[in-house]
>>> print(open('structure_26.cif').read())   # mmCIF, C-alpha atoms
data_work
loop_
_atom_site.group_PDB
_atom_site.id
_atom_site.type_symbol
_atom_site.label_atom_id
_atom_site.label_comp_id
_atom_site.auth_asym_id
_atom_site.auth_seq_id
_atom_site.Cartn_x
_atom_site.Cartn_y
_atom_site.Cartn_z
ATOM 1 C CA MET A 19 -30.623 -125.501 -121.138
ATOM 2 C CA SER A 20 -30.538 -129.202 -122.093
ATOM 3 C CA ARG A 21 -33.064 -131.766 -120.942
ATOM 4 C CA ARG A 22 -30.302 -133.295 -118.782
ATOM 5 C CA SER A 23 -29.815 -129.936 -117.074
ATOM 6 C CA LEU A 24 -33.534 -129.626 -116.484
ATOM 7 C CA LEU A 25 -33.666 -133.058 -114.910
ATOM 8 C CA GLY A 26 -30.721 -132.107 -112.750
ATOM 9 C CA GLY A 27 -32.598 -129.039 -111.593
ATOM 10 C CA LEU A 28 -35.653 -131.138 -110.823
ATOM 11 C CA SER A 29 -33.525 -133.541 -108.813
ATOM 12 C CA SER A 30 -32.092 -130.630 -106.837
ATOM 13 C CA LEU A 31 -35.592 -129.425 -106.089
ATOM 14 C CA ALA A 32 -36.634 -132.889 -104.981
ATOM 15 C CA GLY A 33 -33.698 -132.938 -102.574
ATOM 16 C CA ALA A 34 -34.632 -129.549 -101.176
ATOM 17 C CA LEU A 35 -38.206 -130.658 -100.680
ATOM 18 C CA ALA A 36 -37.059 -133.823 -98.954
ATOM 19 C CA LEU A 37 -35.091 -131.742 -96.456
ATOM 20 C CA GLY A 38 -38.303 -129.862 -95.769
ATOM 21 C CA GLY A 39 -40.173 -133.025 -94.852
ATOM 22 C CA CYS A 40 -41.185 -134.339 -98.271
ATOM 23 C CA ALA A 41 -40.893 -138.007 -99.131
ATOM 24 C CA ASP A 42 -38.065 -139.196 -101.382
ATOM 25 C CA VAL A 43 -38.101 -138.888 -105.167
ATOM 26 C CA GLY A 44 -39.881 -142.170 -105.811
ATOM 27 C CA ALA A 45 -42.551 -141.812 -103.158
ATOM 28 C CA THR A 46 -46.157 -140.793 -103.706
ATOM 29 C CA GLY A 47 -48.238 -139.053 -101.077
ATOM 30 C CA ALA A 48 -51.710 -140.149 -100.016
ATOM 31 C CA ARG A 49 -53.074 -137.023 -101.707
ATOM 32 C CA PHE A 50 -52.050 -138.203 -105.166
ATOM 33 C CA ASP A 51 -52.950 -141.809 -105.948
ATOM 34 C CA PRO A 52 -55.232 -141.868 -107.908
ATOM 35 C CA SER A 53 -56.632 -138.440 -108.837
ATOM 36 C CA SER A 54 -59.966 -137.492 -107.328
ATOM 37 C CA LEU A 55 -61.220 -136.361 -110.738
ATOM 38 C CA SER A 56 -60.759 -139.846 -112.139
ATOM 39 C CA ALA A 57 -63.255 -141.142 -109.574
ATOM 40 C CA ASP A 58 -65.623 -138.158 -109.585
ATOM 41 C CA PRO A 59 -65.177 -135.902 -112.629
ATOM 42 C CA THR A 60 -66.677 -132.830 -110.956
ATOM 43 C CA LEU A 61 -64.781 -129.578 -110.677
ATOM 44 C CA LEU A 62 -65.692 -126.495 -108.646
ATOM 45 C CA VAL A 63 -65.769 -123.128 -110.391
ATOM 46 C CA ALA A 64 -65.691 -119.555 -109.126
ATOM 47 C CA THR A 65 -65.923 -116.867 -111.783
ATOM 48 C CA THR A 66 -66.098 -113.118 -112.234
ATOM 49 C CA ARG A 67 -67.346 -113.542 -115.802
ATOM 50 C CA LYS A 68 -70.822 -112.479 -116.859
ATOM 51 C CA PRO A 69 -73.096 -115.516 -117.255
ATOM 52 C CA VAL A 70 -74.497 -116.486 -120.637
ATOM 53 C CA ASN A 71 -77.766 -118.425 -120.760
ATOM 54 C CA GLY A 72 -77.933 -118.152 -116.990
ATOM 55 C CA GLY A 73 -74.684 -120.094 -116.798
ATOM 56 C CA ARG A 74 -76.568 -123.309 -117.615
ATOM 57 C CA ALA A 75 -75.941 -123.728 -121.342
ATOM 58 C CA LYS A 76 -72.864 -123.414 -123.526
ATOM 59 C CA PRO A 77 -70.826 -121.175 -123.512
ATOM 60 C CA TRP A 78 -72.005 -120.783 -119.873
ATOM 61 C CA PHE A 79 -69.895 -117.696 -119.067
ATOM 62 C CA GLY A 80 -68.581 -115.192 -121.585
ATOM 63 C CA PRO A 81 -65.733 -112.670 -121.832
ATOM 64 C CA GLU A 82 -67.603 -109.772 -120.196
ATOM 65 C CA ARG A 83 -67.202 -108.781 -116.558
ATOM 66 C CA GLY A 84 -69.973 -109.949 -114.284
ATOM 67 C CA SER A 85 -71.713 -107.951 -111.576
ATOM 68 C CA ALA A 86 -71.043 -110.578 -108.886
ATOM 69 C CA ILE A 87 -68.976 -113.668 -108.230
ATOM 70 C CA MET A 88 -70.718 -116.862 -109.240
ATOM 71 C CA VAL A 89 -69.896 -120.369 -108.085
ATOM 72 C CA ALA A 90 -70.808 -123.564 -109.876
ATOM 73 C CA ARG A 91 -70.094 -127.244 -110.264
ATOM 74 C CA ALA A 92 -68.704 -128.285 -113.631
ATOM 75 C CA LYS A 93 -69.530 -131.822 -114.707
ATOM 76 C CA LEU A 94 -66.751 -133.294 -116.829
ATOM 77 C CA VAL A 95 -66.402 -136.307 -119.074
ATOM 78 C CA ALA A 96 -63.086 -138.017 -118.438
ATOM 79 C CA PRO A 97 -60.958 -139.456 -121.248
ATOM 80 C CA ASP A 98 -61.855 -143.049 -122.012
ATOM 81 C CA ASP A 99 -58.735 -144.994 -121.122
ATOM 82 C CA GLY A 100 -59.956 -148.334 -122.439
ATOM 83 C CA ARG A 101 -57.606 -150.523 -124.414
ATOM 84 C CA PHE A 102 -59.123 -149.647 -127.800
ATOM 85 C CA SER A 103 -60.140 -146.055 -127.041
ATOM 86 C CA PHE A 104 -58.790 -142.876 -128.625
ATOM 87 C CA ALA A 105 -57.066 -142.178 -125.294
ATOM 88 C CA ALA A 106 -54.991 -145.323 -125.782
ATOM 89 C CA VAL A 107 -53.288 -143.667 -128.755
ATOM 90 C CA GLY A 108 -53.013 -140.256 -127.112
ATOM 91 C CA LEU A 109 -56.113 -138.656 -128.648
ATOM 92 C CA GLY A 110 -58.420 -138.714 -125.637
ATOM 93 C CA ASP A 111 -59.104 -135.583 -123.605
ATOM 94 C CA TRP A 112 -61.381 -134.126 -120.965
ATOM 95 C CA ARG A 113 -64.694 -132.615 -122.050
ATOM 96 C CA LEU A 114 -66.986 -130.184 -120.259
ATOM 97 C CA ASP A 115 -70.460 -131.702 -120.165
ATOM 98 C CA LYS A 116 -72.534 -129.228 -118.154
ATOM 99 C CA VAL A 117 -72.291 -126.471 -115.578
ATOM 100 C CA GLU A 118 -74.553 -126.174 -112.544
ATOM 101 C CA PRO A 119 -74.586 -122.670 -111.002
ATOM 102 C CA MET A 120 -75.094 -122.857 -107.248
ATOM 103 C CA SER A 121 -76.914 -120.359 -105.018
ATOM 104 C CA VAL A 122 -74.359 -120.807 -102.225
ATOM 105 C CA ASP A 123 -71.020 -119.283 -101.379
ATOM 106 C CA VAL A 124 -67.653 -120.984 -101.790
ATOM 107 C CA THR A 125 -67.562 -122.197 -98.170
ATOM 108 C CA ASP A 126 -70.903 -123.984 -98.555
ATOM 109 C CA LEU A 127 -69.880 -125.447 -101.902
ATOM 110 C CA LEU A 128 -66.697 -126.890 -100.406
ATOM 111 C CA THR A 129 -68.612 -128.267 -97.428
ATOM 112 C CA VAL A 130 -71.052 -130.271 -99.563
ATOM 113 C CA THR A 131 -68.326 -131.589 -101.865
ATOM 114 C CA GLY A 132 -66.112 -134.423 -100.688
ATOM 115 C CA SER A 133 -62.798 -135.743 -102.083
ATOM 116 C CA GLY A 134 -60.391 -134.821 -99.317
ATOM 117 C CA PRO A 135 -59.310 -131.849 -97.216
ATOM 118 C CA ASP A 136 -57.006 -130.038 -99.663
ATOM 119 C CA VAL A 137 -58.068 -127.732 -102.482
ATOM 120 C CA LEU A 138 -56.155 -127.158 -105.727
ATOM 121 C CA THR A 139 -57.071 -123.785 -107.228
ATOM 122 C CA TYR A 140 -56.131 -123.086 -110.833
ATOM 123 C CA VAL A 141 -55.984 -119.533 -112.222
ATOM 124 C CA HIS A 142 -55.732 -119.332 -116.010
ATOM 125 C CA GLY A 143 -53.790 -116.911 -118.132
ATOM 126 C CA PHE A 144 -54.268 -114.726 -121.218
ATOM 127 C CA LYS A 145 -56.550 -115.662 -124.117
ATOM 128 C CA GLN A 146 -58.727 -118.252 -122.400
ATOM 129 C CA THR A 147 -62.450 -118.931 -122.627
ATOM 130 C CA PHE A 148 -64.432 -120.184 -119.666
ATOM 131 C CA GLU A 149 -64.448 -123.693 -121.114
ATOM 132 C CA THR A 150 -60.699 -123.846 -121.836
ATOM 133 C CA SER A 151 -59.889 -122.568 -118.336
ATOM 134 C CA VAL A 152 -62.016 -125.291 -116.722
ATOM 135 C CA LEU A 153 -60.557 -128.008 -118.933
ATOM 136 C CA ASP A 154 -56.989 -126.895 -118.223
ATOM 137 C CA ALA A 155 -57.749 -127.117 -114.500
ATOM 138 C CA ALA A 156 -58.979 -130.680 -115.016
ATOM 139 C CA ARG A 157 -55.946 -131.656 -117.106
ATOM 140 C CA LEU A 158 -53.555 -130.298 -114.515
ATOM 141 C CA SER A 159 -55.305 -131.906 -111.553
ATOM 142 C CA ASP A 160 -55.480 -135.289 -113.240
ATOM 143 C CA ALA A 161 -51.892 -135.100 -114.505
ATOM 144 C CA ILE A 162 -50.473 -134.590 -111.002
ATOM 145 C CA LYS A 163 -52.933 -137.161 -109.527
ATOM 146 C CA PHE A 164 -54.274 -134.643 -107.032
ATOM 147 C CA ARG A 165 -56.324 -136.078 -104.183
ATOM 148 C CA GLY A 166 -58.676 -133.355 -103.061
ATOM 149 C CA ARG A 167 -61.090 -130.839 -104.477
ATOM 150 C CA THR A 168 -60.113 -128.923 -107.595
ATOM 151 C CA MET A 169 -61.379 -125.407 -108.255
ATOM 152 C CA ALA A 170 -60.974 -123.200 -111.313
ATOM 153 C CA PHE A 171 -61.042 -119.448 -110.842
ATOM 154 C CA SER A 172 -62.074 -118.071 -114.214
ATOM 155 C CA TRP A 173 -61.719 -114.343 -114.822
ATOM 156 C CA PRO A 174 -63.006 -112.412 -117.875
ATOM 157 C CA SER A 175 -60.702 -113.031 -120.821
ATOM 158 C CA LYS A 176 -61.833 -112.337 -124.369
ATOM 159 C CA GLY A 177 -59.900 -115.320 -125.671
ATOM 160 C CA GLY A 178 -58.399 -113.356 -128.557
ATOM 161 C CA LEU A 179 -54.800 -112.791 -129.597
ATOM 162 C CA PHE A 180 -55.262 -109.002 -129.878
ATOM 163 C CA ASP A 181 -57.100 -108.485 -126.575
ATOM 164 C CA TYR A 182 -54.057 -108.337 -124.302
ATOM 165 C CA ALA A 183 -54.941 -104.971 -122.746
ATOM 166 C CA TYR A 184 -58.534 -106.004 -122.021
ATOM 167 C CA ASP A 185 -57.391 -109.265 -120.456
ATOM 168 C CA ARG A 186 -54.750 -107.550 -118.298
ATOM 169 C CA ASP A 187 -57.285 -105.033 -117.006
ATOM 170 C CA SER A 188 -59.848 -107.776 -116.384
ATOM 171 C CA ALA A 189 -57.318 -109.803 -114.429
ATOM 172 C CA MET A 190 -56.540 -106.863 -112.153
ATOM 173 C CA TRP A 191 -60.244 -106.032 -111.860
ATOM 174 C CA SER A 192 -60.808 -109.557 -110.518
ATOM 175 C CA ARG A 193 -58.460 -109.160 -107.527
ATOM 176 C CA ASP A 194 -61.190 -108.375 -105.012
ATOM 177 C CA GLY A 195 -63.322 -111.237 -106.259
ATOM 178 C CA PHE A 196 -60.469 -113.716 -106.017
ATOM 179 C CA GLU A 197 -59.616 -112.451 -102.549
ATOM 180 C CA ARG A 198 -63.198 -113.132 -101.424
ATOM 181 C CA VAL A 199 -62.954 -116.623 -102.870
ATOM 182 C CA LEU A 200 -59.653 -117.356 -101.110
ATOM 183 C CA SER A 201 -60.855 -115.813 -97.832
ATOM 184 C CA SER A 202 -63.951 -118.013 -97.902
ATOM 185 C CA THR A 203 -61.938 -121.065 -98.858
ATOM 186 C CA VAL A 204 -59.376 -120.785 -96.069
ATOM 187 C CA ALA A 205 -62.260 -120.289 -93.623
ATOM 188 C CA SER A 206 -63.935 -123.548 -94.633
ATOM 189 C CA PRO A 207 -64.149 -125.953 -91.661
ATOM 190 C CA GLY A 208 -61.944 -129.033 -91.881
ATOM 191 C CA LEU A 209 -59.872 -127.620 -94.718
ATOM 192 C CA GLY A 210 -56.248 -128.675 -95.095
ATOM 193 C CA HIS A 211 -54.397 -126.396 -97.508
ATOM 194 C CA VAL A 212 -55.353 -124.264 -100.475
ATOM 195 C CA HIS A 213 -52.749 -124.915 -103.182
ATOM 196 C CA ILE A 214 -52.633 -122.474 -106.091
ATOM 197 C CA VAL A 215 -51.308 -122.968 -109.614
ATOM 198 C CA ALA A 216 -51.459 -119.783 -111.676
ATOM 199 C CA HIS A 217 -50.434 -119.492 -115.302
ATOM 200 C CA SER A 218 -49.148 -116.555 -117.351
ATOM 201 C CA MET A 219 -51.264 -113.425 -116.757
ATOM 202 C CA GLY A 220 -53.082 -115.267 -113.980
ATOM 203 C CA THR A 221 -49.922 -115.010 -111.882
ATOM 204 C CA MET A 222 -50.258 -111.234 -111.746
ATOM 205 C CA LEU A 223 -53.835 -111.590 -110.520
ATOM 206 C CA THR A 224 -52.805 -114.225 -107.978
ATOM 207 C CA LEU A 225 -49.813 -112.353 -106.586
ATOM 208 C CA GLU A 226 -51.769 -109.137 -106.117
ATOM 209 C CA THR A 227 -54.594 -111.097 -104.496
ATOM 210 C CA LEU A 228 -52.188 -112.777 -102.079
ATOM 211 C CA ARG A 229 -50.832 -109.354 -101.203
ATOM 212 C CA GLN A 230 -54.341 -108.180 -100.351
ATOM 213 C CA LEU A 231 -55.143 -111.398 -98.474
ATOM 214 C CA TYR A 232 -52.049 -111.132 -96.312
ATOM 215 C CA ALA A 233 -52.742 -107.465 -95.578
ATOM 216 C CA HIS A 234 -56.240 -108.360 -94.354
ATOM 217 C CA LEU A 235 -55.717 -111.733 -92.637
ATOM 218 C CA GLY A 236 -52.024 -111.768 -91.739
ATOM 219 C CA ASP A 237 -50.327 -114.981 -90.665
ATOM 220 C CA SER A 238 -53.628 -116.723 -89.854
ATOM 221 C CA GLY A 239 -54.645 -116.602 -93.515
ATOM 222 C CA ALA A 240 -51.163 -117.483 -94.721
ATOM 223 C CA GLU A 241 -51.156 -120.720 -92.698
ATOM 224 C CA LYS A 242 -53.927 -122.223 -94.840
ATOM 225 C CA ILE A 243 -52.263 -121.358 -98.139
ATOM 226 C CA GLY A 244 -50.180 -124.301 -99.298
ATOM 227 C CA ALA A 245 -47.918 -124.475 -102.344
ATOM 228 C CA VAL A 246 -48.106 -121.545 -104.764
ATOM 229 C CA ILE A 247 -46.889 -122.321 -108.281
ATOM 230 C CA PHE A 248 -46.356 -119.553 -110.808
ATOM 231 C CA ALA A 249 -46.046 -121.161 -114.249
ATOM 232 C CA ALA A 250 -44.610 -118.846 -116.933
ATOM 233 C CA PRO A 251 -45.530 -115.728 -114.948
ATOM 234 C CA ASP A 252 -46.427 -112.786 -117.164
ATOM 235 C CA ILE A 253 -45.535 -110.046 -114.705
ATOM 236 C CA ASP A 254 -42.959 -107.278 -114.592
ATOM 237 C CA MET A 255 -39.891 -108.020 -112.444
ATOM 238 C CA ASP A 256 -40.223 -104.774 -110.481
ATOM 239 C CA VAL A 257 -43.895 -105.396 -109.748
ATOM 240 C CA PHE A 258 -43.080 -108.967 -108.741
ATOM 241 C CA SER A 259 -40.277 -107.870 -106.409
ATOM 242 C CA SER A 260 -42.464 -105.232 -104.751
ATOM 243 C CA ALA A 261 -45.307 -107.662 -104.113
ATOM 244 C CA ILE A 262 -43.013 -110.436 -102.827
ATOM 245 C CA SER A 263 -41.712 -108.072 -100.154
ATOM 246 C CA ARG A 264 -45.254 -107.495 -98.888
ATOM 247 C CA ILE A 265 -46.644 -111.023 -98.477
ATOM 248 C CA GLY A 266 -44.632 -112.233 -95.486
ATOM 249 C CA PRO A 267 -44.351 -116.036 -95.125
ATOM 250 C CA LEU A 268 -46.303 -116.590 -98.344
ATOM 251 C CA ALA A 269 -43.166 -115.729 -100.328
ATOM 252 C CA GLY A 270 -41.468 -118.874 -99.023
ATOM 253 C CA LYS A 271 -44.256 -121.028 -100.471
ATOM 254 C CA ILE A 272 -43.793 -119.844 -104.043
ATOM 255 C CA THR A 273 -42.207 -121.874 -106.842
ATOM 256 C CA VAL A 274 -41.637 -120.059 -110.141
ATOM 257 C CA ILE A 275 -41.370 -122.096 -113.349
ATOM 258 C CA THR A 276 -39.472 -120.169 -116.005
ATOM 259 C CA ALA A 277 -38.290 -120.669 -119.577
ATOM 260 C CA THR A 278 -36.038 -118.130 -121.257
ATOM 261 C CA ASP A 279 -37.230 -119.493 -124.634
ATOM 262 C CA ASP A 280 -40.912 -118.734 -123.873
ATOM 263 C CA ARG A 281 -41.915 -116.895 -127.050
ATOM 264 C CA ALA A 282 -45.307 -115.811 -125.717
ATOM 265 C CA LEU A 283 -43.569 -113.928 -122.906
ATOM 266 C CA ALA A 284 -41.119 -112.434 -125.389
ATOM 267 C CA LEU A 285 -44.089 -110.898 -127.193
ATOM 268 C CA SER A 286 -45.565 -109.768 -123.879
ATOM 269 C CA ALA A 287 -42.282 -108.035 -123.031
ATOM 270 C CA ARG A 288 -42.442 -106.081 -126.293
ATOM 271 C CA LEU A 289 -46.034 -105.048 -125.515
ATOM 272 C CA ALA A 290 -44.819 -103.912 -122.081
ATOM 273 C CA GLY A 291 -42.173 -101.595 -123.501
ATOM 274 C CA GLY A 292 -39.327 -104.109 -123.447
ATOM 275 C CA MET A 293 -39.649 -105.028 -119.752
ATOM 276 C CA THR A 294 -38.632 -108.659 -119.161
ATOM 277 C CA ARG A 295 -41.362 -110.847 -117.726
ATOM 278 C CA VAL A 296 -40.586 -112.963 -114.675
ATOM 279 C CA GLY A 297 -41.368 -116.188 -116.537
ATOM 280 C CA ALA A 298 -38.616 -115.481 -119.072
ATOM 281 C CA ALA A 299 -36.042 -113.985 -116.690
ATOM 282 C CA GLU A 300 -32.752 -115.557 -115.694
ATOM 283 C CA LYS A 301 -33.047 -117.937 -112.747
ATOM 284 C CA ALA A 302 -30.476 -116.149 -110.568
ATOM 285 C CA ALA A 303 -32.302 -112.821 -110.819
ATOM 286 C CA ILE A 304 -35.519 -114.356 -109.467
ATOM 287 C CA GLU A 305 -33.820 -116.437 -106.787
ATOM 288 C CA ARG A 306 -32.393 -113.277 -105.252
ATOM 289 C CA LEU A 307 -35.958 -112.425 -104.233
ATOM 290 C CA GLY A 308 -36.092 -115.505 -101.983
ATOM 291 C CA VAL A 309 -38.411 -117.738 -104.010
ATOM 292 C CA ARG A 310 -37.770 -121.210 -105.425
ATOM 293 C CA VAL A 311 -37.121 -121.234 -109.184
ATOM 294 C CA ILE A 312 -37.159 -124.047 -111.745
ATOM 295 C CA ASP A 313 -35.641 -123.202 -115.123
ATOM 296 C CA ALA A 314 -37.448 -125.250 -117.753
ATOM 297 C CA SER A 315 -35.751 -123.637 -120.748
ATOM 298 C CA ASP A 316 -35.505 -125.985 -123.742
ATOM 299 C CA ALA A 317 -37.831 -128.476 -122.037
ATOM 300 C CA GLY A 318 -40.660 -127.933 -124.523
ATOM 301 C CA TRP A 319 -41.002 -129.454 -127.963
ATOM 302 C CA GLY A 320 -43.179 -126.733 -129.487
ATOM 303 C CA LEU A 321 -42.549 -123.263 -130.866
ATOM 304 C CA ILE A 322 -44.126 -121.305 -127.998
ATOM 305 C CA ASN A 323 -43.083 -123.142 -124.782
ATOM 306 C CA HIS A 324 -45.656 -121.251 -122.718
ATOM 307 C CA ASP A 325 -47.757 -124.100 -121.287
ATOM 308 C CA LEU A 326 -45.128 -126.526 -120.003
ATOM 309 C CA PHE A 327 -47.161 -127.112 -116.842
ATOM 310 C CA LEU A 328 -49.676 -128.942 -119.038
ATOM 311 C CA SER A 329 -47.366 -130.548 -121.606
ATOM 312 C CA ASN A 330 -44.182 -131.516 -119.738
ATOM 313 C CA THR A 331 -44.202 -134.367 -117.212
ATOM 314 C CA ASP A 332 -41.039 -133.109 -115.482
ATOM 315 C CA VAL A 333 -42.645 -129.748 -114.802
ATOM 316 C CA GLN A 334 -45.786 -131.497 -113.557
ATOM 317 C CA ARG A 335 -43.573 -133.517 -111.208
ATOM 318 C CA VAL A 336 -42.266 -130.243 -109.764
ATOM 319 C CA ILE A 337 -45.822 -129.093 -109.087
ATOM 320 C CA ARG A 338 -46.746 -132.401 -107.488
ATOM 321 C CA ARG A 339 -43.712 -132.459 -105.187
ATOM 322 C CA SER A 340 -44.152 -128.839 -104.184
ATOM 323 C CA ILE A 341 -47.649 -129.740 -102.972
ATOM 324 C CA GLU A 342 -46.418 -132.922 -101.312
ATOM 325 C CA ALA A 343 -43.927 -130.866 -99.321
ATOM 326 C CA MET A 344 -46.767 -129.155 -97.461
ATOM 327 C CA PRO A 345 -47.443 -130.819 -94.060
ATOM 328 C CA ALA A 346 -50.743 -132.696 -93.918
#
>>> encode(input="structure_26.cif", output="structure tokens")
Amino acid sequence: MSRRSLLGGLSSLAGALALGGCADVGATGARFDPSSLSADPTLLVATTRKPVNGGRAKPWFGPERGSAIMVARAKLVAPDDGRFSFAAVGLGDWRLDKVEPMSVDVTDLLTVTGSGPDVLTYVHGFKQTFETSVLDAARLSDAIKFRGRTMAFSWPSKGGLFDYAYDRDSAMWSRDGFERVLSSTVASPGLGHVHIVAHSMGTMLTLETLRQLYAHLGDSGAEKIGAVIFAAPDIDMDVFSSAISRIGPLAGKITVITATDDRALALSARLAGGMTRVGAAEKAAIERLGVRVIDASDAGWGLINHDLFLSNTDVQRVIRRSIEAMPA
């Protein structure tokens, strides 16, 4: 697909969102200008990883599976956007300064942290360390100018190219932990919506968790879940279809970002016995399941095209407008 075709698809999505109550293409919602992280570079973390150094010194949390969910506040250093800074020539980036484990649950952590009623929860994919997962959450939140609290859910990934099986099992092992986090989050007093962006293997974890959440809480839990974005989902089409049929109204909140030229998912398909992954499937096949699909094929400039939600401004605009479409 050409860049012109991608932009046409984005325009079509913007029109669909406008019909659902979203502002027009050029508008910006109150939740997005400027990003909360730019004013207070603090990010919330929930993790099923085993702590290292008590979670208070680098690397904070490792690749092993922990015995309990831990929550923390991650203190970040924002890119210096001064006129003569490295950021001015595109070399600036977020840095993780320190992590403060908290002896409270997610509900209490959200209550004591300001920045608005909505929560953006990021779930990372395959081959990520604790630090890279937190930094990707910060990059995403800042890129879409999110106004609210940002949380990273970090599950045990070994961060290695040849650890696919371990990572997949760890993601599925983390379902109950993520469900407890989401259940606590939606129960937080004064909360608006919990928006979720999940990447790659993290989409499998997220979809299965939403299935469990809906089975336990029903429509009352679904009401607090806002936009659900699956970026380059590394999940089998049959598994995806089965889960979509079991999550009720949550299915209508899902936007899938695909790219048929995603080479990471092509490798994943070979590891899965040749089964096409949702993130690399044809748009029409996914749309038949009743979810919104954006085909970002040929939108990337790299060889892999697996992280367009972080590198492509058009894809980030899709994420932003999907969240804006949620009623305040």
>>> resolve_selection(input="structure_26.cif", expression="the PyMOL selection byres ((chain A and resi 325-331) around 12)", output="PyMOL selection string")
chain A and resi 21+24-25+28+140+142-144+153-163+215-218+247-251+274-277+279-283+297+312-324+332-338
>>> closest_residue(input="structure_26.cif", among="A:Gly244, A:Pro69, A:Gly208, A:Gly292", to="Ala343 of chain A", atoms="all atoms listed in the file")
A:Gly244
>>> resolve_selection(input="structure_26.cif", expression="the PyMOL selection byres ((chain A and resi 220) around 12)", output="count of residues only")
45
>>> atom_distance(input="structure_26.cif", atom1="atom CA of Gly195 of chain A", atom2="atom CA of Asp126 of chain A")
16.7 Å
>>> resolve_selection(input="structure_26.cif", expression="the PyMOL selection byres ((chain A and resi 116) around 12)", output="PyMOL selection string")
chain A and resi 59-61+63+73-79+90-95+113-115+117-119+149+152
>>> write_last_selection(input="structure_26.cif", atoms="C-alpha atoms", output="PDB file, in the coordinates of the input")
ATOM      1  CA  PRO A  59     -65.177-135.902-112.629  1.00  0.00           C
ATOM      2  CA  THR A  60     -66.677-132.830-110.956  1.00  0.00           C
ATOM      3  CA  LEU A  61     -64.781-129.578-110.677  1.00  0.00           C
ATOM      4  CA  VAL A  63     -65.769-123.128-110.391  1.00  0.00           C
ATOM      5  CA  GLY A  73     -74.684-120.094-116.798  1.00  0.00           C
ATOM      6  CA  ARG A  74     -76.568-123.309-117.615  1.00  0.00           C
ATOM      7  CA  ALA A  75     -75.941-123.728-121.342  1.00  0.00           C
ATOM      8  CA  LYS A  76     -72.864-123.414-123.526  1.00  0.00           C
ATOM      9  CA  PRO A  77     -70.826-121.175-123.512  1.00  0.00           C
ATOM     10  CA  TRP A  78     -72.005-120.783-119.873  1.00  0.00           C
ATOM     11  CA  PHE A  79     -69.895-117.696-119.067  1.00  0.00           C
ATOM     12  CA  ALA A  90     -70.808-123.564-109.876  1.00  0.00           C
ATOM     13  CA  ARG A  91     -70.094-127.244-110.264  1.00  0.00           C
ATOM     14  CA  ALA A  92     -68.704-128.285-113.631  1.00  0.00           C
ATOM     15  CA  LYS A  93     -69.530-131.822-114.707  1.00  0.00           C
ATOM     16  CA  LEU A  94     -66.751-133.294-116.829  1.00  0.00           C
ATOM     17  CA  VAL A  95     -66.402-136.307-119.074  1.00  0.00           C
ATOM     18  CA  ARG A 113     -64.694-132.615-122.050  1.00  0.00           C
ATOM     19  CA  LEU A 114     -66.986-130.184-120.259  1.00  0.00           C
ATOM     20  CA  ASP A 115     -70.460-131.702-120.165  1.00  0.00           C
ATOM     21  CA  VAL A 117     -72.291-126.471-115.578  1.00  0.00           C
ATOM     22  CA  GLU A 118     -74.553-126.174-112.544  1.00  0.00           C
ATOM     23  CA  PRO A 119     -74.586-122.670-111.002  1.00  0.00           C
ATOM     24  CA  GLU A 149     -64.448-123.693-121.114  1.00  0.00           C
ATOM     25  CA  VAL A 152     -62.016-125.291-116.722  1.00  0.00           C
TER      26      VAL A 152
END
>>> residues_near_point(input="structure_26.cif", point="(-56.6, -109.1, -101.2)", cutoff="8 Å", atoms="all atoms listed in the file", output="VMD selection string")
chain A and resid 193 to 194 196 to 198 226 to 234
>>> atom_distance(input="structure_26.cif", atom1="atom CA of Arg83 of chain A", atom2="atom CA of Ser202 of chain A")
21.1 Å
>>> residues_around(input="structure_26.cif", residues="Gly308 of chain A", least_positions_apart="4", cutoff="9 Å", atoms="only C-alpha atoms", output="PDB file with C-alpha atoms, in the frame of the given file")
ATOM      1  CA  ILE A 262     -43.013-110.436-102.827  1.00  0.00           C
ATOM      2  CA  ALA A 269     -43.166-115.729-100.328  1.00  0.00           C
ATOM      3  CA  GLY A 270     -41.468-118.874 -99.023  1.00  0.00           C
ATOM      4  CA  ILE A 304     -35.519-114.356-109.467  1.00  0.00           C
TER       5      ILE A 304
END
>>> axis_aligned_box(input="structure_26.cif", around="segment 55-70 of chain A", padding_each_side="5 Å", output="AutoDock Vina command-line options")
--center_x -67.6 --center_y -126.8 --center_z -114.6 --size_x 23.7 --size_y 38.7 --size_z 22.0
>>> residues_near_point(input="structure_26.cif", point="(-66.4, -117.0, -120.0)", cutoff="6 Å", atoms="all atoms listed in the file", output="mmCIF file with C-alpha atoms, keeping the file's coordinate frame")
data_model
loop_
_atom_site.group_PDB
_atom_site.id
_atom_site.type_symbol
_atom_site.label_atom_id
_atom_site.label_comp_id
_atom_site.auth_asym_id
_atom_site.auth_seq_id
_atom_site.Cartn_x
_atom_site.Cartn_y
_atom_site.Cartn_z
ATOM 1 C CA ARG A 67 -67.346 -113.542 -115.802
ATOM 2 C CA PHE A 79 -69.895 -117.696 -119.067
ATOM 3 C CA GLY A 80 -68.581 -115.192 -121.585
ATOM 4 C CA PRO A 81 -65.733 -112.670 -121.832
ATOM 5 C CA THR A 147 -62.450 -118.931 -122.627
ATOM 6 C CA PHE A 148 -64.432 -120.184 -119.666
#
>>> closest_residue(input="structure_26.cif", among="A:Thr273, A:Ser121, A:Lys176, A:Pro207", to="Arg339 of chain A", atoms="only C-alpha atoms")
A:Thr273
